[in-house]
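Asks: Below is the structure I would like to discuss, written out as structure tokens.
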Amino acid sequence: MGVPHISNRSGRQPERWSRRGVLAALGAVPAAVVLTGCSGSADASEGSSTPSARAAAKKAAIAVTPADGTTKADFSSPVRVTVTDGTLASVKVTGNDGSTLTGSLNDTKTEWTSARNPYSGTKYTVTATAEGGTPQTATFTTRSPGETFVGYFTPEANSTSGVGMPVSINFTHAVSDKAAVQKAITVTAEPAVEIVGHWFSDTRLDFRPETYWAPGTKITLGLRLKDVQGTDGVYGVQSKNVTFHIGREQISTVDLATKEMVVRRSGKTIATYPVSGGDSDHTTWSGIMVISERFKQTHMNSSTVGLGDEYDIPDVPHAQRLTTSGTFVHGNYWASTAVFGHENTSHGCVGLHDAKGANDPSVDGYKFYDSSMLGDVVIVKNSGEQTVEASNGLNGWNLSWADWKAGSAV
């Protein structure tokens, strides 16, 4: 190849080019074209890129369900956060009530799902960050339920009861999805023991162990009913823990054949009282009963228990309820002292000799009342009456363990 002629306008002698120099000059031309050539450079870069490099060049897009700005979001599904063209680094969901929703990522870190559903009537803020990106926020507000229910529980919070006290919950609305409601309620004990729920009706759920509670037991009731659908369109509102305690063991046995009540505490007899039970026309329920209410004095009227106008006593002393239907163990000041221990003359209650005004500590009615507490067990036998229904009061102990467990919905 010939060397191009180079003019010498300056008048200087022309430089001589060596063969090596010429070749070096010619060889530099293609390299300059590659570095500056637009199409050639772009094609080479595209061909050498990797899928991860291409993904990194795109901006990650984060989406939240319920969508940002929703004002009446459903609260029956979990919150979900997804990302495309990237992976999630962190997700935080907080409610205006101070609650938080925890959750977990899928294996590819492209989707986050809350561990539980959001609460109703709550505004949530979602803060999500993709790997290498900046935090992004979204807000939504869940709708309020149209109709609600609550569960009223026995015993009272922080109370101490006898060993026969079940945990009894009465709902303000009939429950059709019993399994969902029962799963939202926990009852645990220290020391630990198996505890099972039993539905007596659409509105009542009781919990108990196989045998009486151990003295000194601590019981914790966990209600997680908020937004649990008890029946179509009706949701629970409670989310709380409640504790109860079991005191000493006291079990009293009333034998209406001998007309005597023996009171035993921790297995030892502490008192024996002469009593009078129901007469032949108004026999006393037999079976295991639990003291569910206590009154130093109360008004008893026969019309309230379907007995017309047979009695109306405004100041019955030391009355302790055994059944919802009206059976009490109570003091009696209007009957002769000769009745107690010798005759059954009542309208179905168990009576002990007492004094009008309920202030005489020397009489049996006062003494028994003073030694008793809610949850104490009173067993009646030889009454001439059938065993009390387990649902008539807090008297589920009359069911075998197998029958009790058969009433559970879970």
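Labels for the structure tokens follow display order: chains A, B, ..., residues from 1 in each chain, ligands from 1.
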Write out as an MDAnalysis selection string all residues of segment 55-302 of chain A that backbone DSSP assigns to alpha helix (DSSP H).

Replies: chainID A and resid 55:56 178:183

Asks: Can you list, as a VMD selection string, every protein, DNA or RNA residue that comes within 9 Å of segment 364-366 of chain A when you count only C-alpha atoms, leaving out same-chain residues fewer than 3 positions away?

Replies: chain A and resid 273 to 274 296 317 to 319 329 to 332 351 to 355 358 to 361 369 to 371

Asks: Emit the selected residues as a PDB file, in the first residue's frame, including N, CA, C and O atoms.

Replies:
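Resulting contents of again.pdb:
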```pdb
ATOM      1  N   TYR A 273     -74.237 -29.283 109.434  1.00  0.00           N
ATOM      2  CA  TYR A 273     -75.412 -28.474 109.745  1.00  0.00           C
ATOM      3  C   TYR A 273     -76.698 -29.259 109.483  1.00  0.00           C
ATOM      4  O   TYR A 273     -76.806 -29.940 108.448  1.00  0.00           O
ATOM      5  N   PRO A 274     -77.695 -29.146 110.378  1.00  0.00           N
ATOM      6  CA  PRO A 274     -79.017 -29.695 110.076  1.00  0.00           C
ATOM      7  C   PRO A 274     -79.697 -28.798 109.040  1.00  0.00           C
ATOM      8  O   PRO A 274     -79.592 -27.569 109.096  1.00  0.00           O
ATOM      9  N   LYS A 296     -76.353 -11.292 100.897  1.00  0.00           N
ATOM     10  CA  LYS A 296     -76.543 -11.281 102.347  1.00  0.00           C
ATOM     11  C   LYS A 296     -78.026 -11.316 102.680  1.00  0.00           C
ATOM     12  O   LYS A 296     -78.456 -12.022 103.607  1.00  0.00           O
ATOM     13  N   PRO A 317     -82.292 -14.286 104.369  1.00  0.00           N
ATOM     14  CA  PRO A 317     -80.892 -14.059 104.711  1.00  0.00           C
ATOM     15  C   PRO A 317     -79.949 -15.088 104.079  1.00  0.00           C
ATOM     16  O   PRO A 317     -80.316 -16.230 103.834  1.00  0.00           O
ATOM     17  N   HIS A 318     -78.747 -14.646 103.802  1.00  0.00           N
ATOM     18  CA  HIS A 318     -77.628 -15.513 103.409  1.00  0.00           C
ATOM     19  C   HIS A 318     -77.993 -16.485 102.292  1.00  0.00           C
ATOM     20  O   HIS A 318     -77.841 -17.700 102.412  1.00  0.00           O
ATOM     21  N   ALA A 319     -78.459 -15.908 101.180  1.00  0.00           N
ATOM     22  CA  ALA A 319     -78.920 -16.708 100.037  1.00  0.00           C
ATOM     23  C   ALA A 319     -77.793 -16.888  99.029  1.00  0.00           C
ATOM     24  O   ALA A 319     -77.152 -15.913  98.615  1.00  0.00           O
ATOM     25  N   VAL A 329     -79.319 -22.275  98.416  1.00  0.00           N
ATOM     26  CA  VAL A 329     -79.088 -22.687  99.795  1.00  0.00           C
ATOM     27  C   VAL A 329     -79.085 -21.385 100.584  1.00  0.00           C
ATOM     28  O   VAL A 329     -78.327 -20.462 100.261  1.00  0.00           O
ATOM     29  N   HIS A 330     -79.994 -21.294 101.583  1.00  0.00           N
ATOM     30  CA  HIS A 330     -80.165 -19.989 102.245  1.00  0.00           C
ATOM     31  C   HIS A 330     -80.578 -20.157 103.710  1.00  0.00           C
ATOM     32  O   HIS A 330     -80.971 -21.237 104.158  1.00  0.00           O
ATOM     33  N   GLY A 331     -80.482 -19.064 104.429  1.00  0.00           N
ATOM     34  CA  GLY A 331     -80.939 -19.035 105.809  1.00  0.00           C
ATOM     35  C   GLY A 331     -82.462 -18.943 105.875  1.00  0.00           C
ATOM     36  O   GLY A 331     -83.117 -18.453 104.954  1.00  0.00           O
ATOM     37  N   ASN A 332     -83.011 -19.421 106.992  1.00  0.00           N
ATOM     38  CA  ASN A 332     -84.464 -19.437 107.163  1.00  0.00           C
ATOM     39  C   ASN A 332     -84.760 -19.072 108.619  1.00  0.00           C
ATOM     40  O   ASN A 332     -84.382 -19.803 109.536  1.00  0.00           O
ATOM     41  N   GLY A 351     -82.539 -25.132 103.196  1.00  0.00           N
ATOM     42  CA  GLY A 351     -82.574 -24.099 104.226  1.00  0.00           C
ATOM     43  C   GLY A 351     -81.782 -24.463 105.467  1.00  0.00           C
ATOM     44  O   GLY A 351     -81.708 -25.634 105.855  1.00  0.00           O
ATOM     45  N   LEU A 352     -81.170 -23.444 106.080  1.00  0.00           N
ATOM     46  CA  LEU A 352     -80.481 -23.587 107.363  1.00  0.00           C
ATOM     47  C   LEU A 352     -81.084 -22.593 108.348  1.00  0.00           C
ATOM     48  O   LEU A 352     -81.545 -21.506 107.956  1.00  0.00           O
ATOM     49  N   HIS A 353     -81.084 -22.944 109.615  1.00  0.00           N
ATOM     50  CA  HIS A 353     -81.604 -22.035 110.626  1.00  0.00           C
ATOM     51  C   HIS A 353     -80.834 -20.722 110.598  1.00  0.00           C
ATOM     52  O   HIS A 353     -79.599 -20.703 110.515  1.00  0.00           O
ATOM     53  N   ASP A 354     -81.578 -19.607 110.672  1.00  0.00           N
ATOM     54  CA  ASP A 354     -80.958 -18.280 110.597  1.00  0.00           C
ATOM     55  C   ASP A 354     -81.774 -17.299 111.426  1.00  0.00           C
ATOM     56  O   ASP A 354     -82.809 -17.653 112.007  1.00  0.00           O
ATOM     57  N   ALA A 355     -81.302 -16.049 111.448  1.00  0.00           N
ATOM     58  CA  ALA A 355     -81.975 -14.998 112.198  1.00  0.00           C
ATOM     59  C   ALA A 355     -82.371 -13.870 111.260  1.00  0.00           C
ATOM     60  O   ALA A 355     -81.650 -13.556 110.309  1.00  0.00           O
ATOM     61  N   ALA A 358     -79.974 -11.051 109.204  1.00  0.00           N
ATOM     62  CA  ALA A 358     -78.724 -11.627 108.687  1.00  0.00           C
ATOM     63  C   ALA A 358     -77.477 -11.141 109.412  1.00  0.00           C
ATOM     64  O   ALA A 358     -76.392 -11.100 108.829  1.00  0.00           O
ATOM     65  N   ASN A 359     -77.628 -10.795 110.700  1.00  0.00           N
ATOM     66  CA  ASN A 359     -76.471 -10.266 111.423  1.00  0.00           C
ATOM     67  C   ASN A 359     -76.086 -11.074 112.658  1.00  0.00           C
ATOM     68  O   ASN A 359     -75.242 -10.619 113.451  1.00  0.00           O
ATOM     69  N   ASP A 360     -76.653 -12.266 112.815  1.00  0.00           N
ATOM     70  CA  ASP A 360     -76.341 -13.070 113.990  1.00  0.00           C
ATOM     71  C   ASP A 360     -75.296 -14.127 113.625  1.00  0.00           C
ATOM     72  O   ASP A 360     -75.605 -15.114 112.964  1.00  0.00           O
ATOM     73  N   PRO A 361     -74.044 -13.961 114.050  1.00  0.00           N
ATOM     74  CA  PRO A 361     -72.992 -14.907 113.665  1.00  0.00           C
ATOM     75  C   PRO A 361     -73.080 -16.258 114.358  1.00  0.00           C
ATOM     76  O   PRO A 361     -72.308 -17.155 114.015  1.00  0.00           O
ATOM     77  N   TYR A 369     -72.726 -19.283 105.167  1.00  0.00           N
ATOM     78  CA  TYR A 369     -72.508 -18.197 104.210  1.00  0.00           C
ATOM     79  C   TYR A 369     -71.116 -17.598 104.381  1.00  0.00           C
ATOM     80  O   TYR A 369     -70.409 -17.333 103.410  1.00  0.00           O
ATOM     81  N   ASP A 370     -70.721 -17.399 105.621  1.00  0.00           N
ATOM     82  CA  ASP A 370     -69.425 -16.786 105.910  1.00  0.00           C
ATOM     83  C   ASP A 370     -68.261 -17.659 105.464  1.00  0.00           C
ATOM     84  O   ASP A 370     -67.181 -17.155 105.140  1.00  0.00           O
ATOM     85  N   SER A 371     -68.473 -18.971 105.432  1.00  0.00           N
ATOM     86  CA  SER A 371     -67.396 -19.894 105.049  1.00  0.00           C
ATOM     87  C   SER A 371     -67.348 -20.164 103.551  1.00  0.00           C
ATOM     88  O   SER A 371     -66.444 -20.850 103.074  1.00  0.00           O
TER      89      SER A 371
END
```

Asks: Just how far from atom CA of Val150 of chain A is atom CA of Ser168 of chain A, in Å to one decimal?

Replies: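 Atom CA of Ser168 of chain A sits 13.1 Å away from atom CA of Val150 of chain A.
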
Asks: What's the 8 Å shell around segment 184-201 of chain A, counting only C-alpha atoms, without same-chain residues fewer than 3 positions away, as a short mmCIF file (atom, residue, chain, number, x, y, z; two decimals) with all heavy atoms, in the first residue's frame?

Replies:
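Result written to result_39.cif:
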```cif
data_model
loop_
_atom_site.label_atom_id
_atom_site.label_comp_id
_atom_site.auth_asym_id
_atom_site.auth_seq_id
_atom_site.Cartn_x
_atom_site.Cartn_y
_atom_site.Cartn_z
N ALA A 180 -65.48 -21.12 64.58
CA ALA A 180 -64.69 -19.89 64.42
C ALA A 180 -64.61 -19.13 65.73
O ALA A 180 -63.55 -18.62 66.12
CB ALA A 180 -65.28 -19.02 63.32
N VAL A 181 -65.73 -19.04 66.43
CA VAL A 181 -65.76 -18.31 67.70
C VAL A 181 -64.95 -19.05 68.77
O VAL A 181 -64.16 -18.44 69.49
CB VAL A 181 -67.21 -18.09 68.15
CG1 VAL A 181 -67.25 -17.56 69.58
CG2 VAL A 181 -67.91 -17.12 67.20
N ARG A 204 -74.22 -19.63 74.57
CA ARG A 204 -73.46 -19.93 75.79
C ARG A 204 -72.38 -20.99 75.55
O ARG A 204 -72.67 -22.08 75.04
CB ARG A 204 -74.39 -20.39 76.90
CG ARG A 204 -73.64 -20.75 78.20
CD ARG A 204 -74.56 -21.21 79.29
NE ARG A 204 -73.82 -21.78 80.41
CZ ARG A 204 -74.37 -22.39 81.44
NH1 ARG A 204 -75.69 -22.51 81.51
NH2 ARG A 204 -73.62 -22.90 82.41
N LEU A 205 -71.15 -20.64 75.95
CA LEU A 205 -70.01 -21.54 75.83
C LEU A 205 -69.28 -21.57 77.17
O LEU A 205 -68.85 -20.53 77.67
CB LEU A 205 -69.06 -21.03 74.73
CG LEU A 205 -67.70 -21.71 74.59
CD1 LEU A 205 -67.86 -23.18 74.19
CD2 LEU A 205 -66.85 -20.97 73.55
N ASP A 206 -69.17 -22.76 77.77
CA ASP A 206 -68.46 -22.93 79.05
C ASP A 206 -67.17 -23.72 78.84
O ASP A 206 -67.08 -24.55 77.94
CB ASP A 206 -69.34 -23.68 80.06
CG ASP A 206 -70.43 -22.80 80.66
OD1 ASP A 206 -70.73 -21.75 80.07
OD2 ASP A 206 -70.98 -23.18 81.71
N PHE A 207 -66.19 -23.47 79.71
CA PHE A 207 -64.92 -24.21 79.69
C PHE A 207 -64.66 -24.79 81.08
O PHE A 207 -64.90 -24.13 82.10
CB PHE A 207 -63.76 -23.27 79.32
CG PHE A 207 -63.78 -22.79 77.90
CD1 PHE A 207 -64.52 -21.68 77.54
CD2 PHE A 207 -63.03 -23.44 76.92
CE1 PHE A 207 -64.53 -21.23 76.22
CE2 PHE A 207 -63.03 -23.00 75.61
CZ PHE A 207 -63.78 -21.89 75.26
N ARG A 208 -64.15 -26.03 81.12
CA ARG A 208 -63.79 -26.67 82.38
C ARG A 208 -62.78 -27.78 82.13
O ARG A 208 -62.66 -28.27 81.00
CB ARG A 208 -65.01 -27.25 83.10
CG ARG A 208 -65.86 -28.16 82.24
CD ARG A 208 -66.70 -29.14 83.03
NE ARG A 208 -66.00 -30.40 83.25
CZ ARG A 208 -66.60 -31.59 83.35
NH1 ARG A 208 -67.91 -31.69 83.26
NH2 ARG A 208 -65.89 -32.67 83.55
N PRO A 209 -62.04 -28.18 83.16
CA PRO A 209 -61.19 -29.37 83.05
C PRO A 209 -62.00 -30.62 83.36
O PRO A 209 -63.20 -30.54 83.64
CB PRO A 209 -60.12 -29.12 84.12
CG PRO A 209 -60.82 -28.30 85.16
CD PRO A 209 -61.84 -27.47 84.43
N GLU A 210 -61.35 -31.78 83.33
CA GLU A 210 -62.07 -33.03 83.57
C GLU A 210 -62.57 -33.12 85.01
O GLU A 210 -63.69 -33.57 85.26
CB GLU A 210 -61.17 -34.22 83.27
CG GLU A 210 -61.86 -35.57 83.43
CD GLU A 210 -61.00 -36.74 82.99
OE1 GLU A 210 -59.84 -36.51 82.60
OE2 GLU A 210 -61.49 -37.89 83.03
N THR A 217 -54.96 -22.49 91.45
CA THR A 217 -54.78 -22.39 90.00
C THR A 217 -55.00 -20.95 89.51
O THR A 217 -55.91 -20.26 89.96
CB THR A 217 -55.76 -23.33 89.27
OG1 THR A 217 -55.45 -24.67 89.61
CG2 THR A 217 -55.66 -23.16 87.76
N LYS A 218 -54.16 -20.53 88.58
CA LYS A 218 -54.35 -19.27 87.86
C LYS A 218 -54.91 -19.58 86.49
O LYS A 218 -54.34 -20.37 85.75
CB LYS A 218 -53.03 -18.50 87.73
CG LYS A 218 -53.15 -17.21 86.92
CD LYS A 218 -51.79 -16.55 86.75
CE LYS A 218 -51.88 -15.31 85.87
NZ LYS A 218 -50.56 -14.66 85.67
N ILE A 219 -56.03 -18.97 86.15
CA ILE A 219 -56.70 -19.22 84.88
C ILE A 219 -56.64 -17.94 84.03
O ILE A 219 -56.90 -16.85 84.53
CB ILE A 219 -58.17 -19.62 85.09
CG1 ILE A 219 -58.27 -20.85 85.99
CG2 ILE A 219 -58.87 -19.89 83.76
CD1 ILE A 219 -59.67 -21.15 86.48
N THR A 220 -56.28 -18.10 82.76
CA THR A 220 -56.24 -16.96 81.84
C THR A 220 -57.21 -17.21 80.69
O THR A 220 -57.13 -18.22 80.00
CB THR A 220 -54.83 -16.74 81.27
OG1 THR A 220 -53.93 -16.49 82.36
CG2 THR A 220 -54.81 -15.54 80.33
N LEU A 221 -58.13 -16.28 80.52
CA LEU A 221 -59.08 -16.31 79.41
C LEU A 221 -58.59 -15.34 78.35
O LEU A 221 -58.40 -14.15 78.62
CB LEU A 221 -60.47 -15.91 79.89
CG LEU A 221 -61.52 -15.60 78.82
CD1 LEU A 221 -61.85 -16.85 78.00
CD2 LEU A 221 -62.79 -15.02 79.46
N GLY A 222 -58.35 -15.84 77.14
CA GLY A 222 -57.94 -15.00 76.02
C GLY A 222 -59.09 -14.85 75.04
O GLY A 222 -59.55 -15.83 74.45
N LEU A 223 -59.56 -13.64 74.87
CA LEU A 223 -60.64 -13.35 73.92
C LEU A 223 -60.04 -12.64 72.71
O LEU A 223 -59.52 -11.52 72.83
CB LEU A 223 -61.71 -12.46 74.56
CG LEU A 223 -62.49 -13.05 75.73
CD1 LEU A 223 -63.37 -11.98 76.38
CD2 LEU A 223 -63.35 -14.22 75.26
N ARG A 224 -60.06 -13.29 71.57
CA ARG A 224 -59.59 -12.70 70.31
C ARG A 224 -60.75 -12.72 69.32
O ARG A 224 -60.66 -13.24 68.21
CB ARG A 224 -58.39 -13.48 69.77
CG ARG A 224 -57.17 -13.40 70.68
CD ARG A 224 -56.64 -11.98 70.77
NE ARG A 224 -55.48 -11.87 71.67
CZ ARG A 224 -55.57 -11.57 72.97
NH1 ARG A 224 -56.76 -11.37 73.52
NH2 ARG A 224 -54.49 -11.49 73.71
N LEU A 225 -61.83 -12.11 69.75
CA LEU A 225 -63.08 -12.14 68.97
C LEU A 225 -63.20 -10.98 67.99
O LEU A 225 -64.11 -11.00 67.16
CB LEU A 225 -64.28 -12.13 69.92
CG LEU A 225 -64.46 -13.38 70.80
CD1 LEU A 225 -65.53 -13.14 71.85
CD2 LEU A 225 -64.82 -14.57 69.93
N VAL A 228 -64.09 -11.47 64.27
CA VAL A 228 -64.47 -12.86 64.02
C VAL A 228 -65.97 -12.87 63.71
O VAL A 228 -66.78 -12.34 64.47
CB VAL A 228 -64.17 -13.76 65.22
CG1 VAL A 228 -64.72 -15.17 64.99
CG2 VAL A 228 -62.67 -13.82 65.47
N SER A 391 -76.94 -27.33 82.17
CA SER A 391 -77.04 -25.94 81.74
C SER A 391 -77.83 -25.08 82.72
O SER A 391 -77.89 -23.85 82.56
CB SER A 391 -77.71 -25.86 80.37
OG SER A 391 -79.02 -26.42 80.42
N TRP A 404 -69.03 -34.04 77.90
CA TRP A 404 -68.61 -32.64 77.88
C TRP A 404 -67.82 -32.35 76.60
O TRP A 404 -68.09 -31.36 75.91
CB TRP A 404 -67.76 -32.33 79.11
CG TRP A 404 -67.30 -30.91 79.15
CD1 TRP A 404 -66.13 -30.40 78.67
CD2 TRP A 404 -68.04 -29.79 79.69
NE1 TRP A 404 -66.09 -29.02 78.86
CE2 TRP A 404 -67.23 -28.64 79.49
CE3 TRP A 404 -69.28 -29.66 80.32
CZ2 TRP A 404 -67.65 -27.38 79.91
CZ3 TRP A 404 -69.68 -28.40 80.74
CH2 TRP A 404 -68.88 -27.28 80.53
N LYS A 405 -66.87 -33.18 76.29
CA LYS A 405 -66.05 -32.95 75.10
C LYS A 405 -66.86 -33.06 73.81
O LYS A 405 -66.52 -32.42 72.80
CB LYS A 405 -64.89 -33.96 75.08
CG LYS A 405 -63.90 -33.76 76.23
CD LYS A 405 -62.83 -34.85 76.29
CE LYS A 405 -61.77 -34.64 75.25
NZ LYS A 405 -60.63 -35.57 75.44
N ALA A 406 -67.92 -33.82 73.84
CA ALA A 406 -68.78 -33.95 72.65
C ALA A 406 -69.47 -32.63 72.33
O ALA A 406 -69.93 -32.44 71.19
CB ALA A 406 -69.80 -35.06 72.86
N GLY A 407 -69.54 -31.73 73.29
CA GLY A 407 -70.19 -30.44 73.05
C GLY A 407 -69.25 -29.37 72.55
O GLY A 407 -69.65 -28.20 72.42
N SER A 408 -68.00 -29.75 72.25
CA SER A 408 -67.04 -28.79 71.71
C SER A 408 -67.21 -28.68 70.20
O SER A 408 -67.53 -29.67 69.53
CB SER A 408 -65.61 -29.24 72.04
OG SER A 408 -64.65 -28.41 71.40
N ALA A 409 -66.94 -27.50 69.65
CA ALA A 409 -67.05 -27.28 68.20
C ALA A 409 -65.72 -27.39 67.49
O ALA A 409 -65.66 -27.27 66.27
CB ALA A 409 -67.67 -25.91 67.92
#
```

Asks: Figure out the distance between atom CA of Val377 of chain A and atom CA of Gly357 of chain A, please, to one decimal in Å.

Replies: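 If I compute the distance from atom CA of Gly357 of chain A to atom CA of Val377 of chain A, I get 25.9 Å.
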
Asks: DSSP on the backbone: what in segment 152-320 of chain A comes out strand (DSSP E or B), as a VMD selection string?

Replies: chain A and resid 152 to 154 160 to 161 167 to 171 185 to 190 196 to 201 204 to 208 218 to 224 226 229 to 231 234 to 236 239 to 246 250 to 255 260 to 265 268 to 274 276 278 286 to 290 293 to 301 312 to 320
